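Worksheet: one structure, shown below.
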Amino acid sequence: MQSISVKAPSSTANLGPGFDVFGLAIDAFYDEITLTKTKSGITISTADNIPTNPENNTAGLVVKNMKKKFKIKKGIEIKIKKGVPPGFGMGSSAASAAATAIAFDKLFGLKLDGNTLVEFAGSGEKASAGTIHYDNVAASVLGGFVIVKTDPLDVIRIDPPINLRMCVAVPKLVVPKKKTKVSRGVIPNKVKLTDSVLNISNASAIVAGFMKKDPKLIGNSIKDVIVEPARQHMIPGYTKVKQNALRAGALGVTISGAGPSVIAFTEKSANLKKISLAMSKGFASANIKCQTIICKPSKGAIVKKK
């Protein structure tokens, strides 16, 4: 095999109280990566506005780390086609990293297990977030709902309810470079025990909701009293977007990942267009335009058939 293409889905991380632990693959957007064997080195080609130096590129770092680990001498050309908007809390860098790890595994017949693929994909997150974290990449690699245990890394995957639906509002804002790093910087270093207990109880109920295939239990438990209050000032109109979505029939609303996208959770039977419109009006109250996407949980990264 000389060349392979893999596409990986966008994802939402945290789901409210599950900061750095929960991830969910969603079919809103996809990134596509093509790896081709070359004589030597790592080159990146793309029509998108992203770094092409492998050291500063998520996919480039993944290839570099996998080449080194498995002592692969061959060169690699990485073609990147971005579908997931970078910097909007939809796991953009993670989708590229996930697709790259799986493509590399298949291209060289490594037959790596899920945890190892997630670990390599996570190593690429350093390029965009400044730190390695696994919630988005685990969701993009494995699909469905994931719980990330670290030290040692162990990802638990659960199939989501088939009637779970999400409305995502992506505001038209200029996001700062290294936005994830900036939004991690506002999180408090110390939290009250009562807040921690509340978040743990809600996070536990979300897991139970996924196990019981119960969108209502999931949505009603998406409440976060630690990270969301610290970050919401970075999203103009956030409070209104949330209020509007809940009034229109959303079960739970939170910041998608590090934001600024806002995600509403509900079930298939809800009026999804009404919720999306309500979220748009919430952003409009702060003079912000937004794109809304109705989506559902997605399977993980897949090899594209030639």
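We label chains A, B, ... in the order they appear in the structure tokens, count residues from 1 in each chain, and number ligands from 1 in the order shown.
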
**OP:** Pull the strand (DSSP E or B) assignments for segment 86-291 of chain A out of DSSP run on the backbone, and list those residues as an MDAnalysis selection string.
**Re:** chainID A and resid 143 145:149 154:158 164:171 252:255 262:267 290:291

So that I have them on file, write out the residues from the current selection with N, CA and C atoms, as a tab-separated table (two decimals), in the first residue's frame.
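Contents of the output file out-v2.tsv:
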```
chain	number	residue	atom	x	y	z
A	143	GLY	N	-15.25	6.73	18.02
A	143	GLY	CA	-16.66	7.01	17.78
A	143	GLY	C	-17.48	6.87	19.05
A	145	PHE	N	-19.64	7.68	22.51
A	145	PHE	CA	-19.35	8.40	23.76
A	145	PHE	C	-18.16	7.75	24.44
A	146	VAL	N	-17.21	8.57	24.86
A	146	VAL	CA	-16.01	8.02	25.50
A	146	VAL	C	-15.76	8.64	26.87
A	147	ILE	N	-15.21	7.80	27.75
A	147	ILE	CA	-14.76	8.24	29.07
A	147	ILE	C	-13.26	7.97	29.09
A	148	VAL	N	-12.47	9.02	29.35
A	148	VAL	CA	-11.01	8.88	29.31
A	148	VAL	C	-10.45	8.76	30.72
A	149	LYS	N	-9.86	7.61	30.99
A	149	LYS	CA	-9.12	7.44	32.25
A	149	LYS	C	-7.64	7.61	31.91
A	154	ASP	N	-6.70	4.70	29.56
A	154	ASP	CA	-7.66	3.63	29.30
A	154	ASP	C	-8.98	4.29	28.90
A	155	VAL	N	-9.40	4.06	27.67
A	155	VAL	CA	-10.61	4.72	27.17
A	155	VAL	C	-11.78	3.74	27.19
A	156	ILE	N	-12.86	4.16	27.83
A	156	ILE	CA	-14.08	3.34	27.87
A	156	ILE	C	-15.05	3.93	26.86
A	157	ARG	N	-15.55	3.09	25.96
A	157	ARG	CA	-16.46	3.57	24.91
A	157	ARG	C	-17.86	3.02	25.14
A	158	ILE	N	-18.86	3.88	24.98
A	158	ILE	CA	-20.25	3.46	25.13
A	158	ILE	C	-21.04	3.90	23.90
A	164	LEU	N	-30.63	10.17	20.36
A	164	LEU	CA	-29.99	11.38	20.89
A	164	LEU	C	-29.67	12.32	19.73
A	165	ARG	N	-30.03	13.59	19.89
A	165	ARG	CA	-29.73	14.59	18.86
A	165	ARG	C	-29.11	15.83	19.50
A	166	MET	N	-28.31	16.53	18.71
A	166	MET	CA	-27.68	17.76	19.18
A	166	MET	C	-27.92	18.90	18.18
A	167	CYS	N	-28.07	20.11	18.70
A	167	CYS	CA	-28.07	21.31	17.87
A	167	CYS	C	-26.83	22.10	18.25
A	168	VAL	N	-25.99	22.38	17.28
A	168	VAL	CA	-24.76	23.13	17.56
A	168	VAL	C	-24.87	24.51	16.91
A	169	ALA	N	-24.57	25.54	17.69
A	169	ALA	CA	-24.52	26.90	17.15
A	169	ALA	C	-23.06	27.34	17.11
A	170	VAL	N	-22.56	27.59	15.90
A	170	VAL	CA	-21.17	28.01	15.72
A	170	VAL	C	-21.17	29.51	15.41
A	171	PRO	N	-20.79	30.35	16.39
A	171	PRO	CA	-20.85	31.80	16.15
A	171	PRO	C	-19.77	32.27	15.20
A	252	GLY	N	-30.58	19.92	27.68
A	252	GLY	CA	-29.39	20.44	28.34
A	252	GLY	C	-28.57	21.23	27.35
A	253	VAL	N	-27.89	22.27	27.83
A	253	VAL	CA	-27.09	23.14	26.94
A	253	VAL	C	-25.76	23.43	27.63
A	254	THR	N	-24.69	23.41	26.86
A	254	THR	CA	-23.39	23.75	27.43
A	254	THR	C	-22.45	24.26	26.34
A	255	ILE	N	-21.26	24.70	26.75
A	255	ILE	CA	-20.22	25.10	25.79
A	255	ILE	C	-19.64	23.84	25.18
A	262	VAL	N	-21.77	26.51	20.94
A	262	VAL	CA	-22.67	26.11	22.03
A	262	VAL	C	-23.47	24.91	21.53
A	263	ILE	N	-23.60	23.89	22.39
A	263	ILE	CA	-24.28	22.67	21.98
A	263	ILE	C	-25.48	22.37	22.87
A	264	ALA	N	-26.61	22.07	22.23
A	264	ALA	CA	-27.83	21.71	22.96
A	264	ALA	C	-28.11	20.23	22.73
A	265	PHE	N	-28.45	19.53	23.80
A	265	PHE	CA	-28.74	18.09	23.72
A	265	PHE	C	-30.23	17.88	23.86
A	266	THR	N	-30.76	16.99	23.02
A	266	THR	CA	-32.19	16.70	23.10
A	266	THR	C	-32.45	15.34	22.45
A	267	GLU	N	-33.71	15.04	22.20
A	267	GLU	CA	-33.99	13.77	21.53
A	267	GLU	C	-34.62	14.01	20.16
A	290	CYS	N	-24.52	33.36	13.50
A	290	CYS	CA	-24.01	32.02	13.74
A	290	CYS	C	-24.55	31.03	12.71
A	291	GLN	N	-23.83	29.93	12.60
A	291	GLN	CA	-24.26	28.80	11.75
A	291	GLN	C	-24.81	27.75	12.71
```

**OP:** Name all residues at most 12 Å from Val118 of chain A (count only C-alpha atoms; drop same-chain ones fewer than 6 positions away) and give them as a count of residues only.
**Re:** 35

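Counting only C-alpha atoms, the residue from A:Ser201, A:Ser276, A:Ser3, A:Thr12 that sits nearest to Gly144 of chain A is A:Thr12.
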
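Across the structure, atom CA of Lys273 of chain A and atom CA of Ile294 of chain A are spaced 7.9 Å apart.
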
**OP:** Quick one: everything within 7 Å of Val6 of chain A, counting only C-alpha atoms, minus sequence neighbours fewer than 6 positions away in the same chain. Send it as a ChimeraX atom specification.
**Re:** /A:32-34,99,103,301-304

Original post:
If you count only C-alpha atoms, which residues fall within 9 Å of segment 180-189 of chain A, apart from same-chain ones fewer than 6 positions away, as a PyMOL selection string?
Top reply: chain A and resi 87+89+128-131+226-228+230-231+234+257-259

The selected residues should be written to file as an mmCIF file, in the first residue's frame (atoms: N, CA, C and O atoms).
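Written file, part_23.cif:
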```cif
data_model
loop_
_atom_site.group_PDB
_atom_site.id
_atom_site.type_symbol
_atom_site.label_atom_id
_atom_site.label_comp_id
_atom_site.auth_asym_id
_atom_site.auth_seq_id
_atom_site.Cartn_x
_atom_site.Cartn_y
_atom_site.Cartn_z
ATOM 1 N N GLY A 87 -10.707 25.910 15.881
ATOM 2 C CA GLY A 87 -10.834 26.907 16.943
ATOM 3 C C GLY A 87 -12.242 27.160 17.440
ATOM 4 O O GLY A 87 -12.499 28.155 18.101
ATOM 5 N N GLY A 89 -14.262 24.688 19.124
ATOM 6 C CA GLY A 89 -14.734 23.735 20.131
ATOM 7 C C GLY A 89 -15.399 22.512 19.549
ATOM 8 O O GLY A 89 -16.226 21.875 20.205
ATOM 9 N N SER A 128 -1.827 22.237 18.933
ATOM 10 C CA SER A 128 -2.863 23.275 18.975
ATOM 11 C C SER A 128 -3.212 23.705 20.390
ATOM 12 O O SER A 128 -3.493 24.873 20.638
ATOM 13 N N ALA A 129 -3.212 22.765 21.327
ATOM 14 C CA ALA A 129 -3.687 23.091 22.676
ATOM 15 C C ALA A 129 -2.552 23.420 23.639
ATOM 16 O O ALA A 129 -2.791 23.944 24.715
ATOM 17 N N GLY A 130 -1.326 23.079 23.259
ATOM 18 C CA GLY A 130 -0.192 23.333 24.150
ATOM 19 C C GLY A 130 0.008 22.221 25.168
ATOM 20 O O GLY A 130 1.061 22.074 25.761
ATOM 21 N N THR A 131 -1.048 21.411 25.374
ATOM 22 C CA THR A 131 -0.947 20.253 26.265
ATOM 23 C C THR A 131 -1.591 19.056 25.579
ATOM 24 O O THR A 131 -2.388 19.210 24.654
ATOM 25 N N ILE A 226 -18.405 24.518 37.425
ATOM 26 C CA ILE A 226 -16.981 24.845 37.577
ATOM 27 C C ILE A 226 -16.398 25.514 36.335
ATOM 28 O O ILE A 226 -15.967 26.666 36.373
ATOM 29 N N VAL A 227 -16.397 24.803 35.210
ATOM 30 C CA VAL A 227 -15.705 25.307 34.008
ATOM 31 C C VAL A 227 -16.576 26.283 33.218
ATOM 32 O O VAL A 227 -16.116 27.333 32.783
ATOM 33 N N GLU A 228 -17.847 25.929 33.042
ATOM 34 C CA GLU A 228 -18.743 26.790 32.251
ATOM 35 C C GLU A 228 -18.840 28.214 32.800
ATOM 36 O O GLU A 228 -18.686 29.183 32.046
ATOM 37 N N ALA A 230 -16.699 29.857 34.397
ATOM 38 C CA ALA A 230 -15.411 30.548 34.213
ATOM 39 C C ALA A 230 -15.177 30.948 32.756
ATOM 40 O O ALA A 230 -14.417 31.865 32.469
ATOM 41 N N ARG A 231 -15.853 30.247 31.846
ATOM 42 C CA ARG A 231 -15.589 30.479 30.413
ATOM 43 C C ARG A 231 -16.685 31.265 29.699
ATOM 44 O O ARG A 231 -16.466 31.766 28.591
ATOM 45 N N MET A 234 -16.425 34.538 27.670
ATOM 46 C CA MET A 234 -15.679 34.570 26.406
ATOM 47 C C MET A 234 -16.609 34.394 25.192
ATOM 48 O O MET A 234 -16.174 34.495 24.059
ATOM 49 N N GLY A 257 -16.770 21.819 24.081
ATOM 50 C CA GLY A 257 -15.320 21.852 24.301
ATOM 51 C C GLY A 257 -14.898 23.167 24.925
ATOM 52 O O GLY A 257 -15.473 23.626 25.911
ATOM 53 N N ALA A 258 -13.878 23.796 24.312
ATOM 54 C CA ALA A 258 -13.384 25.083 24.823
ATOM 55 C C ALA A 258 -14.140 26.257 24.209
ATOM 56 O O ALA A 258 -13.779 27.410 24.415
ATOM 57 N N GLY A 259 -15.215 25.971 23.427
ATOM 58 C CA GLY A 259 -16.020 27.025 22.817
ATOM 59 C C GLY A 259 -15.342 27.605 21.576
ATOM 60 O O GLY A 259 -14.294 27.124 21.165
#
```

**OP:** Would you list the contacts of Ala28 of chain A as a PyMOL selection string, taking every protein, DNA or RNA residue within 9 Å and counting only C-alpha atoms, but skipping same-chain residues closer than 6 positions in sequence?
**Re:** chain A and resi 9-11+84+90+168+293-298

Would you save the residues from that selection as a PDB file, in the first residue's frame, using C-alpha atoms?
```pdb
ATOM      1  CA  PRO A   9     -15.624  13.157  12.668  1.00  0.00           C
ATOM      2  CA  SER A  10     -15.876  16.326  14.710  1.00  0.00           C
ATOM      3  CA  SER A  11     -16.468  15.882  18.428  1.00  0.00           C
ATOM      4  CA  VAL A  84     -14.096  20.801  10.921  1.00  0.00           C
ATOM      5  CA  MET A  90     -15.620  21.001  17.639  1.00  0.00           C
ATOM      6  CA  VAL A 168     -24.762  23.128  17.558  1.00  0.00           C
ATOM      7  CA  ILE A 293     -26.080  22.357  12.612  1.00  0.00           C
ATOM      8  CA  ILE A 294     -28.438  19.576  13.669  1.00  0.00           C
ATOM      9  CA  CYS A 295     -26.416  16.432  14.266  1.00  0.00           C
ATOM     10  CA  LYS A 296     -26.290  13.033  15.890  1.00  0.00           C
ATOM     11  CA  PRO A 297     -23.580  10.822  17.395  1.00  0.00           C
ATOM     12  CA  SER A 298     -21.085   9.502  14.853  1.00  0.00           C
TER      13      SER A 298
END
```

**OP:** Just the residues within 12 Å of Ala286 of chain A, please, counting only C-alpha atoms, with nothing from its chain fewer than 5 positions along; format it as a list of chain:residue names.
**Re:** A:Pro171, A:Lys172, A:Leu173, A:Ile235, A:Pro236, A:Gly237, A:Tyr238, A:Thr239, A:Lys240, A:Val241, A:Met279, A:Ser280, A:Lys281

Original post:
What lies within 6 Å of Gly16 of chain A using only C-alpha atoms, ignoring chain neighbours under 5 positions off, as a list in words?
Top reply: Ile222, Lys223, Asp224 and Thr254 of chain A

Output N, CA and C atoms of each residue in that selection to a file, as a PDB file, in the first residue's frame.
```pdb
ATOM      1  N   ILE A 222     -26.594  17.595  32.106  1.00  0.00           N
ATOM      2  CA  ILE A 222     -25.540  18.444  31.542  1.00  0.00           C
ATOM      3  C   ILE A 222     -25.568  19.794  32.247  1.00  0.00           C
ATOM      4  N   LYS A 223     -25.025  19.757  33.464  1.00  0.00           N
ATOM      5  CA  LYS A 223     -24.941  20.971  34.294  1.00  0.00           C
ATOM      6  C   LYS A 223     -23.526  21.026  34.859  1.00  0.00           C
ATOM      7  N   ASP A 224     -22.882  22.168  34.675  1.00  0.00           N
ATOM      8  CA  ASP A 224     -21.489  22.321  35.088  1.00  0.00           C
ATOM      9  C   ASP A 224     -21.344  23.608  35.888  1.00  0.00           C
ATOM     10  N   THR A 254     -24.688  23.409  26.860  1.00  0.00           N
ATOM     11  CA  THR A 254     -23.388  23.749  27.426  1.00  0.00           C
ATOM     12  C   THR A 254     -22.455  24.264  26.335  1.00  0.00           C
TER      13      THR A 254
END
```
